[in-house]
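Here is the file upload18.cif (mmCIF, C-alpha atoms).
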```cif
data_structure
#
loop_
_atom_site.label_atom_id
_atom_site.label_comp_id
_atom_site.auth_asym_id
_atom_site.auth_seq_id
_atom_site.Cartn_x
_atom_site.Cartn_y
_atom_site.Cartn_z
CA MET A 137 -6.97 50.43 -27.82
CA ILE A 138 -9.41 48.58 -25.52
CA SER A 139 -8.33 48.58 -21.89
CA ARG A 140 -7.94 45.24 -20.13
CA ASN A 141 -10.89 46.00 -17.84
CA LEU A 142 -13.24 46.64 -20.76
CA LEU A 143 -12.14 43.65 -22.88
CA PRO A 144 -14.84 41.18 -21.64
CA LEU A 145 -17.57 43.73 -22.37
CA ALA A 146 -16.16 44.41 -25.83
CA LEU A 147 -16.06 40.70 -26.64
CA ALA A 148 -19.68 40.29 -25.54
CA LEU A 149 -20.76 43.19 -27.74
CA ILE A 150 -18.83 41.77 -30.71
CA THR A 151 -20.56 38.39 -30.30
CA SER A 152 -23.96 40.05 -30.05
CA ASN A 153 -23.29 42.03 -33.23
CA ILE A 154 -22.14 38.95 -35.14
CA CYS A 155 -25.21 36.98 -34.07
CA HIS A 156 -27.49 39.93 -34.90
CA ALA A 157 -25.93 40.18 -38.34
CA PHE A 158 -26.38 36.45 -39.00
CA ILE A 159 -30.01 36.61 -37.92
CA HIS A 160 -30.75 39.27 -40.51
CA ASN A 161 -28.77 37.50 -43.25
CA ALA A 162 -26.41 40.42 -43.55
CA LYS A 163 -22.65 40.34 -43.63
CA PRO A 164 -21.44 40.66 -40.02
CA HIS A 165 -19.64 43.85 -39.08
CA ILE A 166 -16.74 41.70 -37.88
CA PRO A 167 -16.29 38.59 -40.06
CA ILE A 168 -15.58 35.21 -38.49
CA ALA A 169 -12.26 33.75 -39.63
CA VAL A 170 -12.89 30.29 -41.05
CA SER A 171 -9.50 29.43 -42.52
CA PRO A 172 -7.68 26.70 -40.58
CA SER A 173 -4.47 27.69 -38.89
CA PRO A 174 -1.18 26.25 -40.22
CA THR A 175 -1.04 24.00 -37.12
CA THR A 176 -4.48 22.59 -37.89
CA LYS A 177 -3.45 21.79 -41.46
CA LEU A 178 -0.41 19.85 -40.26
CA GLN A 179 -2.55 17.79 -37.92
CA MET A 180 -5.03 16.71 -40.62
CA SER A 181 -4.35 13.63 -42.73
CA SER A 182 -5.25 13.49 -46.39
CA ASN A 183 -8.29 11.34 -45.49
CA THR A 184 -9.60 13.70 -42.81
CA PRO A 185 -12.09 16.32 -43.99
CA ASP A 186 -11.44 19.92 -43.07
CA LEU A 187 -13.82 20.88 -40.25
CA SER A 188 -12.41 24.35 -39.66
CA ASN A 189 -15.55 26.02 -41.05
CA VAL A 190 -17.89 23.94 -38.86
CA ARG A 191 -19.82 25.76 -36.11
CA ILE A 192 -21.63 24.01 -33.27
CA MET A 193 -24.90 25.39 -31.90
CA VAL A 194 -25.00 24.03 -28.34
CA ASN A 195 -28.61 24.18 -27.16
CA GLY A 196 -29.45 23.94 -23.49
CA MET A 197 -26.87 26.30 -21.99
CA PRO A 198 -26.38 27.54 -19.36
CA GLY A 199 -27.40 24.07 -18.14
CA PRO A 200 -24.39 22.13 -16.83
CA MET A 201 -24.45 19.26 -19.36
CA ALA A 202 -24.81 21.55 -22.37
CA THR A 203 -22.08 23.81 -21.02
CA ALA A 204 -19.76 20.84 -20.43
CA ALA A 205 -20.38 19.71 -24.03
CA ALA A 206 -19.58 23.19 -25.33
CA GLU A 207 -16.33 23.21 -23.35
CA ALA A 208 -15.44 19.78 -24.75
CA CYS A 209 -16.02 21.06 -28.30
CA LEU A 210 -13.55 23.89 -27.67
CA ARG A 211 -11.10 21.42 -26.14
CA LYS A 212 -11.28 19.21 -29.24
CA GLY A 213 -10.68 22.05 -31.69
CA LEU A 214 -14.29 22.75 -32.73
CA GLN A 215 -15.76 26.24 -32.85
CA LEU A 216 -19.04 27.28 -31.28
CA ALA A 217 -21.77 29.14 -33.14
CA PRO A 218 -22.32 32.63 -31.72
CA CYS A 219 -26.00 31.85 -30.99
CA ALA A 220 -27.78 28.96 -29.27
CA LEU A 221 -31.17 28.11 -27.82
CA THR A 222 -31.93 28.14 -24.12
CA GLY A 223 -35.03 27.29 -22.10
CA PRO A 224 -38.30 29.11 -22.83
CA ASP A 225 -38.25 30.80 -19.41
CA VAL A 226 -34.55 31.71 -19.38
CA PRO A 227 -33.89 35.43 -20.03
CA PRO A 228 -31.87 36.17 -23.18
CA ALA A 229 -28.22 36.76 -22.40
CA THR A 230 -24.70 36.48 -23.77
CA ILE A 231 -22.50 34.03 -21.87
CA THR A 232 -18.83 33.14 -22.12
CA VAL A 233 -17.94 29.48 -22.53
CA ALA A 234 -14.36 28.83 -21.47
CA ASP A 235 -12.33 25.62 -21.42
CA VAL A 236 -9.64 25.92 -18.78
CA GLU A 237 -7.56 23.06 -20.16
CA SER A 238 -7.14 24.40 -23.71
CA GLY A 239 -7.48 28.08 -22.88
CA GLU A 240 -10.12 28.44 -25.62
CA SER A 241 -13.26 30.48 -25.07
CA ALA A 242 -16.26 31.79 -26.99
CA ASN A 243 -19.14 34.17 -26.37
CA VAL A 244 -22.60 32.80 -27.16
CA LYS A 245 -25.90 34.65 -27.31
CA LEU A 246 -28.71 32.58 -25.77
CA ILE A 247 -32.11 32.80 -27.47
CA PRO A 248 -35.15 31.55 -25.50
CA SER A 249 -36.76 28.66 -27.39
CA SER A 250 -40.12 30.39 -26.94
CA ASN A 251 -38.93 33.03 -29.42
CA LYS A 252 -39.36 30.79 -32.47
CA GLU A 253 -39.11 33.58 -35.04
CA GLU A 254 -35.73 34.71 -33.76
CA ALA A 255 -34.53 31.11 -33.45
CA ASP A 256 -35.52 30.33 -37.05
CA SER A 257 -33.84 33.49 -38.29
CA ALA A 258 -30.70 32.70 -36.32
CA VAL A 259 -30.32 29.29 -37.97
CA GLU A 260 -30.98 30.74 -41.43
CA GLY A 261 -28.42 33.45 -40.89
CA LEU A 262 -25.82 31.13 -39.42
CA LYS A 263 -26.16 28.75 -42.36
CA ALA A 264 -25.68 31.63 -44.77
CA GLY A 265 -22.60 32.70 -42.84
CA VAL A 266 -20.76 29.37 -42.59
CA GLY A 267 -21.90 27.59 -45.73
CA PRO A 268 -23.64 24.25 -46.41
CA ASN A 269 -23.11 21.30 -44.05
CA ASN A 270 -21.17 23.45 -41.61
CA LEU A 271 -23.78 24.15 -38.94
CA LEU A 272 -24.62 21.37 -36.49
CA ALA A 273 -26.47 21.37 -33.18
CA ILE A 274 -25.99 19.66 -29.84
CA ASP A 275 -29.10 19.12 -27.71
CA TYR A 276 -28.90 18.86 -23.92
CA THR A 277 -32.17 20.45 -22.98
CA HIS A 278 -35.11 18.88 -21.11
CA PRO A 279 -37.02 15.59 -21.52
CA SER A 280 -40.23 17.51 -22.16
CA ALA A 281 -38.61 19.27 -25.14
CA VAL A 282 -37.12 16.21 -26.87
CA ASN A 283 -39.78 15.75 -29.56
CA SER A 284 -40.54 19.41 -30.20
CA ASN A 285 -36.82 20.17 -30.50
CA ALA A 286 -36.36 17.32 -32.98
CA GLU A 287 -39.25 18.69 -35.03
CA TRP A 288 -37.55 22.11 -34.99
CA TYR A 289 -34.26 20.61 -36.20
CA ILE A 290 -36.14 18.82 -38.98
CA GLU A 291 -37.99 21.99 -40.03
CA ASN A 292 -34.70 23.89 -40.21
CA GLU A 293 -32.74 20.99 -41.77
CA LEU A 294 -30.26 21.25 -38.93
CA PRO A 295 -28.18 18.09 -38.26
CA PHE A 296 -27.93 17.40 -34.54
CA VAL A 297 -26.45 15.28 -31.77
CA MET A 298 -28.96 14.63 -29.00
CA GLY A 299 -27.97 13.39 -25.56
CA THR A 300 -31.19 14.55 -23.93
CA THR A 301 -33.17 11.59 -22.60
CA GLY A 302 -36.92 11.20 -22.21
CA GLY A 303 -39.74 12.12 -24.55
CA ASP A 304 -41.44 9.73 -26.96
CA ARG A 305 -38.41 7.83 -28.22
CA GLU A 306 -40.27 5.83 -30.87
CA LYS A 307 -41.70 9.01 -32.38
CA LEU A 308 -38.30 10.66 -32.18
CA VAL A 309 -36.67 7.89 -34.21
CA GLU A 310 -39.56 7.71 -36.67
CA ASP A 311 -39.60 11.47 -37.29
CA VAL A 312 -35.84 11.82 -37.82
CA THR A 313 -35.65 8.69 -39.99
CA ALA A 314 -38.57 9.79 -42.16
CA ALA A 315 -37.04 13.24 -42.60
CA LYS A 316 -33.69 11.72 -43.66
CA LEU A 317 -31.89 14.18 -41.44
CA HIS A 318 -28.37 13.50 -40.24
CA ALA A 319 -28.40 12.93 -36.48
CA VAL A 320 -26.76 11.03 -33.66
CA ILE A 321 -29.19 10.14 -30.88
CA ALA A 322 -28.10 8.17 -27.82
CA PRO A 323 -29.10 7.98 -24.17
CA ASN A 324 -25.42 7.89 -23.21
CA MET A 325 -22.44 9.54 -24.86
CA GLY A 326 -19.70 7.96 -22.71
CA LYS A 327 -17.63 5.69 -24.95
CA GLN A 328 -16.80 3.07 -22.32
CA ILE A 329 -20.45 2.79 -21.30
CA VAL A 330 -21.47 2.61 -24.96
CA ALA A 331 -19.01 -0.25 -25.44
CA MET A 332 -20.49 -2.04 -22.43
CA GLN A 333 -24.02 -1.57 -23.82
CA ALA A 334 -22.94 -2.97 -27.19
CA ALA A 335 -21.37 -6.02 -25.53
CA LEU A 336 -24.53 -6.65 -23.51
CA GLU A 337 -26.71 -6.36 -26.61
CA GLU A 338 -24.55 -8.90 -28.43
CA LEU A 339 -24.57 -11.21 -25.39
CA ALA A 340 -28.38 -11.03 -25.22
CA VAL A 341 -28.70 -11.91 -28.92
CA LYS A 342 -26.30 -14.86 -28.68
CA TYR A 343 -27.45 -16.26 -25.34
CA PRO A 344 -31.08 -15.33 -24.68
CA ASN A 345 -32.44 -16.63 -21.39
CA ALA A 346 -28.97 -17.68 -20.21
CA PHE A 347 -29.99 -16.29 -16.82
CA GLY A 348 -33.50 -17.70 -16.96
CA GLY A 349 -35.26 -17.60 -13.61
CA TYR A 350 -32.91 -14.99 -12.16
CA LYS A 351 -34.43 -11.93 -10.48
CA LEU A 352 -33.34 -8.56 -11.85
CA GLU A 353 -32.93 -5.56 -9.52
CA VAL A 354 -31.72 -2.10 -10.53
CA THR A 355 -30.72 0.96 -8.51
CA GLU A 356 -29.59 4.17 -10.20
CA SER A 357 -28.56 7.47 -8.64
CA HIS A 358 -28.39 10.80 -10.44
CA GLN A 359 -28.27 14.46 -9.44
CA LYS A 360 -31.56 15.59 -7.95
CA LYS A 361 -32.32 17.88 -10.91
CA LYS A 362 -32.47 14.98 -13.38
CA ALA A 363 -36.15 14.80 -14.26
CA ASP A 364 -36.46 11.35 -15.83
CA THR A 365 -35.36 7.75 -15.55
CA SER A 366 -31.87 7.09 -16.86
CA GLY A 367 -31.87 6.29 -20.57
CA THR A 368 -28.74 4.20 -20.07
CA ALA A 369 -30.50 2.14 -17.40
CA LYS A 370 -33.39 1.50 -19.78
CA ALA A 371 -31.01 0.30 -22.52
CA VAL A 372 -29.04 -1.99 -20.19
CA ILE A 373 -32.23 -3.37 -18.65
CA ALA A 374 -33.55 -4.29 -22.11
CA SER A 375 -30.52 -6.56 -22.65
CA LEU A 376 -30.67 -8.02 -19.14
CA LYS A 377 -34.37 -8.82 -19.57
CA THR A 378 -33.57 -10.79 -22.71
CA LEU A 379 -30.80 -12.64 -20.88
CA SER A 380 -33.00 -13.46 -17.87
CA GLY A 381 -36.52 -13.62 -19.26
CA SER A 382 -37.46 -11.23 -16.48
CA ASP A 383 -40.75 -9.34 -16.47
CA PHE A 384 -38.97 -6.31 -14.95
CA ASP A 385 -41.04 -3.13 -15.41
CA VAL A 386 -38.81 -0.18 -16.27
CA GLU A 387 -41.38 2.35 -15.12
CA LYS A 388 -42.15 0.68 -11.78
CA ASP A 389 -39.26 -1.50 -10.67
CA ILE A 390 -36.19 0.75 -10.97
CA GLU A 391 -35.09 2.22 -7.65
CA MET A 392 -34.37 5.84 -8.57
CA ILE A 393 -32.30 7.92 -6.17
CA ARG A 394 -32.68 11.68 -6.52
CA SER A 395 -31.77 13.04 -3.08
CA ASP A 396 -28.33 14.03 -1.79
CA GLU A 397 -28.69 11.99 1.38
CA GLU A 398 -29.56 8.76 -0.43
CA SER A 399 -26.90 9.37 -3.09
CA LEU A 400 -24.22 9.77 -0.42
CA ALA A 401 -25.37 6.53 1.21
CA PHE A 402 -25.15 4.84 -2.22
CA GLY A 403 -21.48 5.82 -2.44
CA VAL A 404 -21.56 9.02 -4.48
CA PRO A 405 -18.74 11.43 -3.53
CA GLU A 406 -20.01 14.66 -2.00
CA ASP A 407 -18.32 16.79 -4.65
CA SER A 408 -20.19 14.89 -7.40
CA LEU A 409 -23.72 15.23 -6.04
CA ASP A 410 -24.51 17.86 -8.69
CA GLY A 411 -23.38 15.62 -11.55
CA HIS A 412 -23.11 11.84 -11.38
CA ALA A 413 -24.51 8.54 -12.69
CA PHE A 414 -24.13 5.55 -10.36
CA HIS A 415 -25.86 2.36 -11.55
CA THR A 416 -25.98 -1.13 -10.05
CA TYR A 417 -27.77 -4.08 -11.70
CA THR A 418 -28.03 -7.46 -9.97
CA LEU A 419 -29.24 -10.83 -11.20
CA THR A 420 -30.02 -13.30 -8.40
CA SER A 421 -30.90 -16.98 -8.80
CA SER A 422 -34.28 -18.17 -7.58
CA ASP A 423 -32.77 -19.90 -4.53
CA GLY A 424 -30.49 -16.95 -3.73
CA SER A 425 -27.31 -19.01 -3.98
CA VAL A 426 -25.88 -17.19 -7.02
CA GLN A 427 -25.75 -13.48 -7.73
CA PHE A 428 -24.21 -11.48 -10.57
CA ALA A 429 -23.71 -7.71 -10.29
CA LEU A 430 -22.96 -5.14 -12.96
CA GLN A 431 -21.94 -1.66 -11.83
CA HIS A 432 -20.88 1.53 -13.59
CA ASN A 433 -20.28 4.71 -11.63
CA VAL A 434 -19.53 8.04 -13.25
CA ALA A 435 -18.65 11.14 -11.23
CA GLY A 436 -18.92 14.40 -13.18
CA ARG A 437 -19.89 15.04 -16.80
CA ARG A 438 -16.62 15.03 -18.74
CA VAL A 439 -16.92 11.50 -20.16
CA TYR A 440 -20.31 12.37 -21.69
CA ALA A 441 -19.21 15.79 -22.90
CA GLU A 442 -16.17 14.48 -24.75
CA GLY A 443 -18.17 11.67 -26.32
CA THR A 444 -20.64 14.29 -27.52
CA ALA A 445 -17.87 16.31 -29.17
CA ASP A 446 -16.61 13.13 -30.87
CA ALA A 447 -20.14 12.43 -32.12
CA VAL A 448 -20.27 15.94 -33.61
CA LYS A 449 -17.04 15.32 -35.51
CA PHE A 450 -18.39 11.96 -36.70
CA LEU A 451 -21.60 13.58 -37.92
CA ALA A 452 -19.74 16.41 -39.65
CA ARG A 453 -17.76 13.84 -41.60
CA LYS A 454 -20.92 11.92 -42.51
CA LEU A 455 -22.43 15.13 -43.88
CA ARG A 456 -19.55 15.19 -46.33
CA SER A 457 -19.70 11.53 -47.34
CA ASP A 458 -23.32 10.29 -47.15
CA ASP A 459 -25.65 10.57 -50.13
CA GLU A 460 -28.60 11.28 -47.82
CA GLY A 461 -29.34 11.92 -44.18
CA LYS A 462 -29.24 9.04 -41.73
CA LEU A 463 -29.90 8.45 -38.05
CA TYR A 464 -26.90 7.10 -36.12
CA THR A 465 -26.25 5.98 -32.55
CA MET A 466 -23.12 6.17 -30.43
CA ILE A 467 -22.49 2.52 -31.26
CA ASN A 468 -22.05 3.62 -34.90
CA VAL A 469 -19.57 6.26 -33.72
CA LEU A 470 -17.73 3.63 -31.67
CA GLU A 471 -17.64 1.11 -34.52
CA GLU A 472 -16.08 3.66 -36.83
CA GLY A 473 -13.31 4.37 -34.36
CA ALA A 474 -14.39 8.00 -34.21
CA LEU A 475 -13.98 8.33 -30.44
CA GLU A 476 -10.79 10.12 -29.48
#
```
Rewrite the structure of this file - the entire thing - as structure tokens.
Amino acid sequence: MISRNLLPLALALITSNICHAFIHNAKPHIPIAVSPSPTTKLQMSSNTPDLSNVRIMVNGMPGPMATAAAEACLRKGLQLAPCALTGPDVPPATITVADVESGESANVKLIPSSNKEEADSAVEGLKAGVGPNNLLAIDYTHPSAVNSNAEWYIENELPFVMGTTGGDREKLVEDVTAAKLHAVIAPNMGKQIVAMQAALEELAVKYPNAFGGYKLEVTESHQKKKADTSGTAKAVIASLKTLSGSDFDVEKDIEMIRSDEESLAFGVPEDSLDGHAFHTYTLTSSDGSVQFALQHNVAGRRVYAEGTADAVKFLARKLRSDDEGKLYTMINVLEEGALE
């Protein structure tokens, strides 16, 4: 019998052994149970595919957004793969992902992305262990890794949900579309913000230049470790430019706040300085007599994490129904009513 004090160490060793076995395409010493529990069966309707064999490879841990997404997956009844990719300079380690709300937890071995041979072998082994269409990835890594990570997913035929912003977005879309790989790519995974973006896009199509002559100004605040301009801000600005005919330059005209002092002055709560997204967009008439303001403020990461888990479920279902791979956005997820 394992003593209570040694139980965490034993679990870590078990996870490491399972991952090692998958990597070498051998049967693991301790098999992973993939049969759904009786409770899970009762919860599933006849039209809902069984996702109990699905495993999610959450790449980017121990980063806070990737970790929050992994916790959300556990909270929504999904199971994590025992291996995942981490940054090229992060030492290999086994971490425990725990969701306090559900009480679920999982041990995950982190493989540095610089170790391509081990990463490739891990995916091959995991696929062999869980079966076809049952391994999916989540990507919350770094803007500089967006395109190379997408190429790696394509090479390994690994469906993925990417919330990482930055990189060459046109190339990203072109590469994934050409490869006919299942993926959900979106600059924002929060369902309410996605709904707002969709409404703005529709408004811009129906009423272009309705705010003609109005000056557009944008201020966005994020945690100081965020390396790039907000992808959500870029998407919203695109619609507002169509509505106003503005020559707003996304690269030059956005006021980006990345310091704690400025964020506090902008209204960010102190306990959310390490994870927030506060955006304000204003349209002001040429004579200054009329002003419209659009604001969305998010403290913490939960809204994005849960949307990511919903996108994974959506993509897992599409793997079982589509004839070939397809690139989706969060608007597709929203339109299908797949957000819980």
>> Selection in question (the file shown): the PyMOL selection byres ((chain A and resi 365) around 12). Which residues does it include, as number ranges by chain?
In response: A: 279, 300-303, 323, 354-364, 366-371, 373, 386-394, 413, 415
> Residues picked by the PyMOL selection byres ((chain A and resi 417) around 8) here, as a VMD selection string?
Replying inline: chain A and resid 352 to 355 415 to 416 418 to 419 429 to 431
> To one decimal place, how far is atom CA of A:Asp383 from atom CA of A:Ser421 in Å?
Replying inline: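 According to the coordinates, atom CA of A:Asp383 and atom CA of A:Ser421 are separated by 14.6 Å.
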>> I'd like to know which of A:Ala315, A:Val469, A:Val226, A:Ala322 is closest to A:Phe450, using all atoms listed in the file.
In response: A:Val469
>> Using the chain letters and numbers from this file, what does the PyMOL selection byres ((chain A and resi 212-224) around 6) select? Give the answer as a VMD selection string.
In response: chain A and resid 155 191 to 197 209 to 211 225 to 226 244 to 250
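With atom CA of A:Leu379 on one side and atom CA of A:Ala346 on the other, the separation reads 5.4 Å.
Picture a line from atom CA of A:Arg437 to atom CA of A:Ile467; it runs 19.3 Å.
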Report as a tab-separated table: every residue of stretch 410-465 of chain A with an atom at most 8 Å from stretch 325-337 of chain A, its closest pair of atoms, and their distance in Å to one decimal, counting only C-alpha atoms, with rows sorted by chain and ascending residue number.
```
residue	atom	partner	partner_atom	distance
A:His432	CA	A:Ile329	CA	7.8
A:Val439	CA	A:Gly326	CA	5.2
A:Tyr440	CA	A:Gly326	CA	4.6
A:Ala441	CA	A:Met325	CA	7.3
A:Glu442	CA	A:Gly326	CA	7.7
A:Gly443	CA	A:Met325	CA	5.0
A:Thr444	CA	A:Met325	CA	5.7
```
>> Given the point (-38.9, 16.3, -26.7) in the coordinates of this file, which residues lie within 9 Å, counting all atoms listed in the file, and how would they look as a ChimeraX atom specification?
In response: /A:277-287,300-305,308
Centre and edges of the stretch 438-444 of chain A box, axis-aligned, 8 Å extra per side, as lines of an AutoDock Vina configuration file:
```
center_x = -18.4
center_y = 13.6
center_z = -23.1
size_x = 20.5
size_y = 20.3
size_z = 24.8
```
> Nearest to A:Tyr289 among A:Asp256, A:Glu207, A:Asp458, A:Glu306, with distances taken over all atoms listed in the file: which residue is it?
Replying inline: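 Selected residue with least distance to A:Tyr289: A:Asp256.
Restricting the calculation to all atoms listed in the file, the smallest distance between A:Leu470 and any of A:Val320, A:Pro295, A:Ala452, A:Val404 is found for A:Val320.
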